[in-house]
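Text of the file input-v6.txt, holding compact mmCIF, C-alpha atoms:
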```txt
# COMPACT_ATOMS: atom_id res chain seq x y z
CA MET I 1 -3.14 -7.22 6.66
CA ALA I 2 -4.24 -7.18 3.04
CA GLY I 3 -4.95 -10.32 1.06
CA ARG I 4 -4.84 -11.41 -2.54
CA GLN I 5 -7.05 -13.71 -4.58
CA ARG I 6 -5.78 -17.27 -4.96
CA CYS I 7 -5.79 -16.88 -8.74
CA ILE I 8 -3.10 -14.20 -8.52
CA LEU I 9 -1.10 -15.71 -5.67
CA SER I 10 1.28 -17.77 -7.78
CA SER I 11 4.70 -17.69 -9.36
CA PRO I 12 4.25 -17.61 -13.15
CA PRO I 13 7.39 -18.16 -15.20
CA PRO I 14 8.71 -15.40 -17.49
CA HIS I 15 6.72 -15.05 -20.70
CA PRO I 16 9.26 -15.05 -23.59
CA ASN I 17 6.61 -15.13 -26.34
CA LEU I 18 4.88 -12.05 -24.96
CA ARG I 19 8.23 -10.30 -24.60
CA HIS I 20 8.96 -11.08 -28.24
CA LYS I 21 5.58 -9.72 -29.34
CA LEU I 22 6.26 -6.51 -27.45
CA GLY I 23 9.73 -6.17 -28.95
CA ILE I 24 11.64 -6.66 -25.68
CA PRO I 25 14.93 -8.59 -26.00
CA LEU I 26 15.26 -11.47 -23.55
CA ASN I 27 18.44 -10.07 -22.02
CA HIS I 28 16.87 -6.70 -21.18
CA THR I 29 15.44 -5.93 -17.74
CA VAL I 30 11.70 -5.37 -17.43
CA ILE I 31 10.03 -3.37 -14.69
CA PHE I 32 6.27 -3.73 -14.51
CA CYS I 33 4.05 -1.18 -12.79
CA HIS I 34 0.26 -1.09 -12.81
CA GLY I 35 -2.19 1.46 -11.48
CA ASN I 36 -3.39 4.93 -12.34
CA VAL I 37 -1.22 8.05 -12.16
CA HIS I 38 -2.88 11.11 -10.66
CA THR I 39 -1.97 14.29 -8.84
CA ALA I 40 -1.23 12.54 -5.53
CA ASN I 41 1.31 10.05 -6.90
CA ALA I 42 2.59 11.72 -10.08
CA VAL I 43 5.88 12.91 -8.55
CA GLU I 44 6.73 9.47 -7.16
CA VAL I 45 5.83 7.60 -10.36
CA GLY I 46 7.89 10.18 -12.22
CA GLU I 47 10.90 9.03 -10.21
CA LEU I 48 10.39 5.51 -11.58
CA TYR I 49 10.43 6.88 -15.13
CA ARG I 50 13.63 8.79 -14.38
CA ALA I 51 15.18 5.61 -12.97
CA VAL I 52 14.51 3.87 -16.29
CA GLU I 53 16.19 6.78 -18.06
CA LEU I 54 19.25 6.55 -15.77
CA LEU I 55 19.55 2.79 -16.21
CA ASN I 56 19.50 2.92 -19.99
CA ARG I 57 21.92 5.83 -20.03
CA SER I 58 24.34 3.86 -17.83
CA GLY I 59 24.27 0.80 -20.09
CA THR I 60 21.66 -1.34 -18.32
CA PRO I 61 18.93 -1.90 -20.96
CA THR I 62 15.66 -1.54 -19.06
CA TRP I 63 12.00 -1.36 -20.07
CA LEU I 64 9.03 -0.06 -18.14
CA VAL I 65 5.75 -1.82 -18.89
CA ARG I 66 2.76 0.11 -17.55
CA THR I 67 -0.94 -0.56 -17.25
CA GLY I 68 -3.53 1.87 -15.95
CA ARG I 69 -4.57 5.39 -16.83
CA ASP I 70 -2.40 8.51 -16.58
CA SER I 71 -3.47 12.07 -16.01
CA ALA I 72 -3.11 14.27 -19.07
CA ALA I 73 -0.52 16.42 -17.32
CA PHE I 74 1.64 13.43 -16.41
CA ALA I 75 1.44 11.88 -19.89
CA ALA I 76 2.42 15.17 -21.49
CA ASN I 77 5.57 15.43 -19.38
CA ILE I 78 7.06 11.96 -19.89
CA PRO I 79 10.68 12.58 -20.98
CA ALA I 80 11.31 11.89 -24.65
CA SER I 81 14.37 9.82 -23.68
CA VAL I 82 12.16 7.38 -21.74
CA ARG I 83 9.57 6.75 -24.43
CA PRO I 84 11.68 4.28 -26.50
CA HIS I 85 11.84 2.10 -23.37
CA LEU I 86 8.20 2.52 -22.31
CA ILE I 87 5.27 0.25 -23.20
CA GLU I 88 1.89 1.64 -22.17
CA ILE I 89 -0.86 -0.97 -22.29
CA GLY I 90 -3.66 1.04 -20.67
CA PHE I 91 -6.55 -0.39 -18.69
CA VAL I 92 -6.69 -4.18 -18.34
CA LYS I 93 -8.89 -6.73 -16.58
CA ARG I 94 -7.28 -7.50 -13.24
CA THR I 95 -7.92 -11.23 -12.89
CA LYS I 96 -8.00 -12.00 -16.61
CA ASP I 97 -4.97 -10.10 -17.94
CA LEU I 98 -2.89 -8.84 -15.04
CA PRO I 99 -1.10 -12.07 -13.96
CA THR I 100 0.09 -12.73 -17.52
CA LEU I 101 1.33 -9.16 -17.95
CA MET I 102 3.01 -9.20 -14.56
CA SER I 103 4.89 -12.35 -15.57
CA LEU I 104 6.86 -10.13 -17.95
CA ALA I 105 8.59 -8.49 -15.01
CA ASP I 106 12.09 -9.14 -13.79
CA ILE I 107 11.67 -6.65 -10.94
CA PHE I 108 8.79 -4.76 -9.34
CA VAL I 109 9.25 -1.25 -7.99
CA GLN I 110 7.16 0.87 -5.64
CA PRO I 111 8.65 4.39 -5.66
CA GLY I 112 8.22 6.78 -2.75
CA ARG I 113 9.50 7.80 0.65
CA ALA I 114 8.35 7.98 4.25
CA GLY I 115 6.00 10.84 5.03
CA ALA I 116 2.38 11.84 5.46
CA PHE I 117 1.33 10.44 2.08
CA ASN I 118 2.87 6.96 2.38
CA ASP I 119 3.15 6.15 6.08
CA PHE I 120 -0.52 5.31 6.55
CA ARG I 121 -1.53 3.96 3.16
CA PHE I 122 -1.12 0.52 1.67
CA PRO I 123 -0.62 0.45 -2.13
CA SER I 124 -2.90 -2.31 -3.39
CA LYS I 125 -0.32 -3.46 -5.93
CA LEU I 126 2.18 -4.56 -3.26
CA PRO I 127 0.52 -7.92 -2.43
CA GLU I 128 0.46 -8.68 -6.15
CA PHE I 129 4.14 -7.77 -6.51
CA PHE I 130 5.12 -10.25 -3.79
CA ALA I 131 2.70 -12.93 -4.98
CA ILE I 132 4.30 -13.07 -8.44
CA SER I 133 7.64 -14.00 -6.82
CA ARG I 134 10.00 -11.47 -8.32
CA PRO I 135 12.42 -9.10 -6.53
CA VAL I 136 10.56 -6.11 -5.10
CA VAL I 137 12.15 -2.68 -4.56
CA LEU I 138 10.28 -0.33 -2.23
CA PRO I 139 10.82 2.43 0.35
CA ALA I 140 11.07 1.93 4.11
CA THR I 141 7.56 3.12 4.85
CA ASN I 142 4.36 1.27 5.73
CA LEU I 143 4.92 -2.32 4.55
CA GLY I 144 8.57 -1.59 3.79
CA SER I 145 9.25 -0.88 7.44
CA ALA I 146 8.20 -4.46 8.32
CA LEU I 147 10.40 -6.19 5.72
CA GLN I 148 13.90 -7.55 6.05
CA HIS I 149 16.18 -5.84 3.56
CA ARG I 150 17.77 -8.16 1.00
CA ARG I 151 15.64 -11.12 2.11
CA ASP I 152 11.96 -10.19 1.73
CA ALA I 153 12.63 -7.23 -0.55
CA TYR I 154 15.18 -4.56 -1.43
CA VAL I 155 14.22 -1.82 1.03
CA LEU I 156 15.41 1.72 0.37
CA PRO I 157 15.42 4.68 2.80
CA GLU I 158 13.89 6.61 -0.12
CA ALA I 159 12.93 5.10 -3.46
CA ASN I 160 13.82 7.90 -5.85
CA ALA I 161 15.28 7.74 -9.35
CA GLU I 162 18.90 7.39 -8.27
CA THR I 163 18.36 4.82 -5.51
CA ILE I 164 15.95 2.78 -7.64
CA ALA I 165 18.46 2.70 -10.50
CA ASP I 166 21.27 1.66 -8.15
CA ALA I 167 19.12 -1.09 -6.62
CA ILE I 168 18.12 -2.48 -10.00
CA SER I 169 21.72 -2.40 -11.19
CA GLU I 170 22.79 -4.40 -8.14
CA ILE I 171 19.95 -6.91 -8.45
CA THR I 172 20.57 -7.52 -12.14
CA THR I 173 24.32 -8.08 -11.66
CA ASP I 174 24.27 -10.03 -8.37
CA SER I 175 22.67 -13.42 -9.04
CA ALA I 176 22.81 -14.47 -5.38
CA LEU I 177 20.93 -11.35 -4.30
CA ARG I 178 18.43 -11.76 -7.14
CA ASP I 179 17.75 -15.37 -6.16
CA ALA I 180 17.38 -14.46 -2.49
CA LEU I 181 14.83 -11.74 -3.25
CA THR I 182 12.94 -13.99 -5.67
CA ASN I 183 12.82 -16.83 -3.17
CA GLY I 184 11.82 -14.51 -0.33
CA ALA I 185 8.92 -12.75 -2.03
CA LEU I 186 6.38 -15.58 -2.41
CA PRO I 187 6.74 -17.03 1.12
CA PHE I 188 6.20 -13.54 2.51
CA ALA I 189 3.07 -13.16 0.38
CA ALA I 190 1.74 -16.58 1.39
CA GLN I 191 2.24 -15.77 5.06
CA LYS I 192 1.00 -12.18 5.15
CA PHE I 193 -1.38 -11.72 2.22
CA SER I 194 -3.92 -14.45 2.89
CA TRP I 195 -7.67 -13.73 2.98
CA PRO I 196 -8.42 -16.44 5.59
CA ARG I 197 -5.55 -15.25 7.80
CA SER I 198 -6.61 -11.62 7.41
CA ALA I 199 -10.23 -12.48 8.24
CA GLU I 200 -9.15 -14.35 11.36
CA GLN I 201 -7.08 -11.39 12.54
CA VAL I 202 -9.90 -8.90 11.94
CA LEU I 203 -12.41 -11.12 13.73
CA SER I 204 -10.01 -11.61 16.62
CA PHE I 205 -9.63 -7.84 16.93
CA PHE I 206 -13.39 -7.28 17.00
CA HIS I 207 -13.94 -10.10 19.47
CA GLN I 208 -11.30 -8.62 21.74
CA HIS I 209 -12.41 -5.00 21.59
CA THR I 210 -16.18 -5.13 20.97
CA SER I 211 -19.21 -7.14 22.02
CA LEU I 212 -19.39 -8.83 18.62
CA GLY I 213 -20.26 -12.48 19.11
CA HIS I 214 -18.92 -15.44 17.19
CA PRO I 215 -20.78 -16.28 13.96
CA THR I 216 -23.43 -18.96 14.04
CA GLU I 217 -23.25 -22.06 11.86
CA SER I 218 -25.81 -20.56 9.46
CA ASP I 219 -23.71 -17.37 9.26
CA MET I 220 -20.68 -19.46 8.31
CA VAL I 221 -22.61 -21.38 5.63
CA ALA I 222 -23.89 -18.11 4.15
CA ALA I 223 -20.39 -16.60 4.13
CA GLN I 224 -18.92 -19.68 2.45
CA THR I 225 -21.65 -19.61 -0.19
CA VAL I 226 -20.94 -15.96 -1.00
CA SER I 227 -17.17 -16.58 -1.11
CA ALA I 228 -17.59 -19.54 -3.45
CA ALA I 229 -19.86 -17.55 -5.77
CA PHE I 230 -17.35 -14.68 -5.77
CA ALA I 231 -14.45 -16.98 -6.59
CA SER I 232 -16.25 -18.76 -9.42
CA SER I 233 -17.34 -15.47 -11.00
CA GLY I 234 -13.74 -14.28 -11.43
CA ALA I 235 -14.75 -10.88 -10.07
CA ASP I 236 -12.15 -8.50 -8.61
```
Show how you would write the structure in this file as structure tokens.
Amino acid sequence: MAGRQRCILSSPPPHPNLRHKLGIPLNHTVIFCHGNVHTANAVEVGELYRAVELLNRSGTPTWLVRTGRDSAAFAANIPASVRPHLIEIGFVKRTKDLPTLMSLADIFVQPGRAGAFNDFRFPSKLPEFFAISRPVVLPATNLGSALQHRRDAYVLPEANAETIADAISEITTDSALRDALTNGALPFAAQKFSWPRSAEQVLSFFHQHTSLGHPTESDMVAAQTVSAAFASSGAD
């Protein structure tokens, strides 16, 4: 299972001053999504943009804050009706800037559906979504198939524009559900997205299925030295 750096695994409070600087009213819903948009994921990310359009049209003021780079074709086809509710920040430093920007979010969304593209991939942003301790909306594929709906996350059979908009509407109007999803996200991240736990599982697999021996004491000292240097450098 994937892991996340300790510096990101936390539950930062909402950032009202940053919201104010960006022109986002405090009573509006913010969806945050980071990562690049390219040919392989453009259709699915487009569904998230359409969900924002549907929410605002239905009277649920919603903003989409994005970081990352978009393909020229995708950027050219963003609906004009979405742009007033879209803030594009571009490329940012992951460990330096990303946690603060993610603290803007009320809800995180991973669009998509089960199928050849999603079943056997693991979007790297998912551990970060859960680690920030906000409600997460995602499809029932890969990680989503292992989550308990309405406890760990809001799991959809297919996360398209309509279902995403309906899920966000329910989360924003049902405080008990919102609290349950918020309180469920971080414990799930702490249990599943831990580097030490992941390393133990990988080593256990190799010890069980290969002739790989256990590391010597000098191997362990060397590994700890490298890990400490990596952590202090702030590298991604």
Please identify every residue of region 119-212 of chain I that has at least one atom no farther than 12 Å from an atom of region 51-60 of chain I, counting only C-alpha atoms, and for each give the shortest atom pair and the distance in Å to one decimal, arranged by chain then increasing number, as CSV.
```
residue,atom,partner,partner_atom,distance
I:Ala159,CA,I:Ala51,CA,9.8
I:Asn160,CA,I:Ala51,CA,7.6
I:Ala161,CA,I:Ala51,CA,4.2
I:Glu162,CA,I:Ala51,CA,6.3
I:Thr163,CA,I:Ala51,CA,8.1
I:Ile164,CA,I:Ala51,CA,6.1
I:Ala165,CA,I:Ala51,CA,5.0
I:Asp166,CA,I:Leu55,CA,8.3
I:Ala167,CA,I:Ala51,CA,10.0
I:Ile168,CA,I:Leu55,CA,8.3
I:Ser169,CA,I:Thr60,CA,7.2
I:Glu170,CA,I:Thr60,CA,10.7
I:Ile171,CA,I:Thr60,CA,11.5
I:Thr172,CA,I:Thr60,CA,8.8
I:Thr173,CA,I:Thr60,CA,9.8
```
Expected file: the selected residues, C-alpha atoms, as a tab-separated table (two decimals), in the coordinates of the input:
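Output below, filename result_25.tsv:
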```tsv
chain	number	residue	atom	x	y	z
I	159	ALA	CA	12.93	5.10	-3.46
I	160	ASN	CA	13.82	7.90	-5.85
I	161	ALA	CA	15.28	7.74	-9.35
I	162	GLU	CA	18.90	7.39	-8.27
I	163	THR	CA	18.36	4.82	-5.51
I	164	ILE	CA	15.95	2.78	-7.64
I	165	ALA	CA	18.46	2.70	-10.50
I	166	ASP	CA	21.27	1.66	-8.15
I	167	ALA	CA	19.12	-1.09	-6.62
I	168	ILE	CA	18.12	-2.48	-10.00
I	169	SER	CA	21.72	-2.40	-11.19
I	170	GLU	CA	22.79	-4.40	-8.14
I	171	ILE	CA	19.95	-6.91	-8.45
I	172	THR	CA	20.57	-7.52	-12.14
I	173	THR	CA	24.32	-8.08	-11.66
```
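For the residues I:Leu143, I:Leu86, I:Leu156, I:Ile132, ranking by smallest atom-to-atom distance to Pro187 (chain I) using all atoms listed in the file places I:Ile132 first.
For the residues I:Thr39, I:Pro139, I:Tyr154, I:Gln148, ranking by smallest atom-to-atom distance to Ala73 (chain I) using all atoms listed in the file places I:Thr39 first.
Considering the residues I:Pro196, I:Pro111, I:Gly144, I:Pro215 and counting only C-alpha atoms, Glu44 (chain I) has its shortest atom-to-atom contact with I:Pro111.
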Expected residue set, 8 Å radius at (-0.2, -1.1, -11.8), only C-alpha atoms, as an mmCIF file with C-alpha atoms, keeping the file's coordinate frame:
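Generated output (result.cif):
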```
data_model
loop_
_atom_site.group_PDB
_atom_site.id
_atom_site.type_symbol
_atom_site.label_atom_id
_atom_site.label_comp_id
_atom_site.auth_asym_id
_atom_site.auth_seq_id
_atom_site.Cartn_x
_atom_site.Cartn_y
_atom_site.Cartn_z
ATOM 1 C CA PHE I 32 6.270 -3.730 -14.510
ATOM 2 C CA CYS I 33 4.050 -1.180 -12.790
ATOM 3 C CA HIS I 34 0.260 -1.090 -12.810
ATOM 4 C CA GLY I 35 -2.190 1.460 -11.480
ATOM 5 C CA ASN I 36 -3.390 4.930 -12.340
ATOM 6 C CA ARG I 66 2.760 0.110 -17.550
ATOM 7 C CA THR I 67 -0.940 -0.560 -17.250
ATOM 8 C CA GLY I 68 -3.530 1.870 -15.950
ATOM 9 C CA LYS I 125 -0.320 -3.460 -5.930
#
```
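CA of Gly112 (chain I) sits 21.2 Å away from CA of Ala72 (chain I).
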(message) Between CA of Leu203 (chain I) and CA of Ala228 (chain I), what is the distance in Å, rounded to a tenth?
(response) 19.8 Å
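The space between CA of Ala80 (chain I) and CA of Asn27 (chain I) spans 23.2 Å.
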Find the smallest box with edges along x, y and z containing every listed atom of region 205-217 of chain I, then add 8 Å on each side and report centre and edge lengths in Å to one decimal, as AutoDock Vina command-line options.
```
--center_x -16.5 --center_y -13.5 --center_z 16.9 --size_x 29.8 --size_y 33.1 --size_z 26.2
```
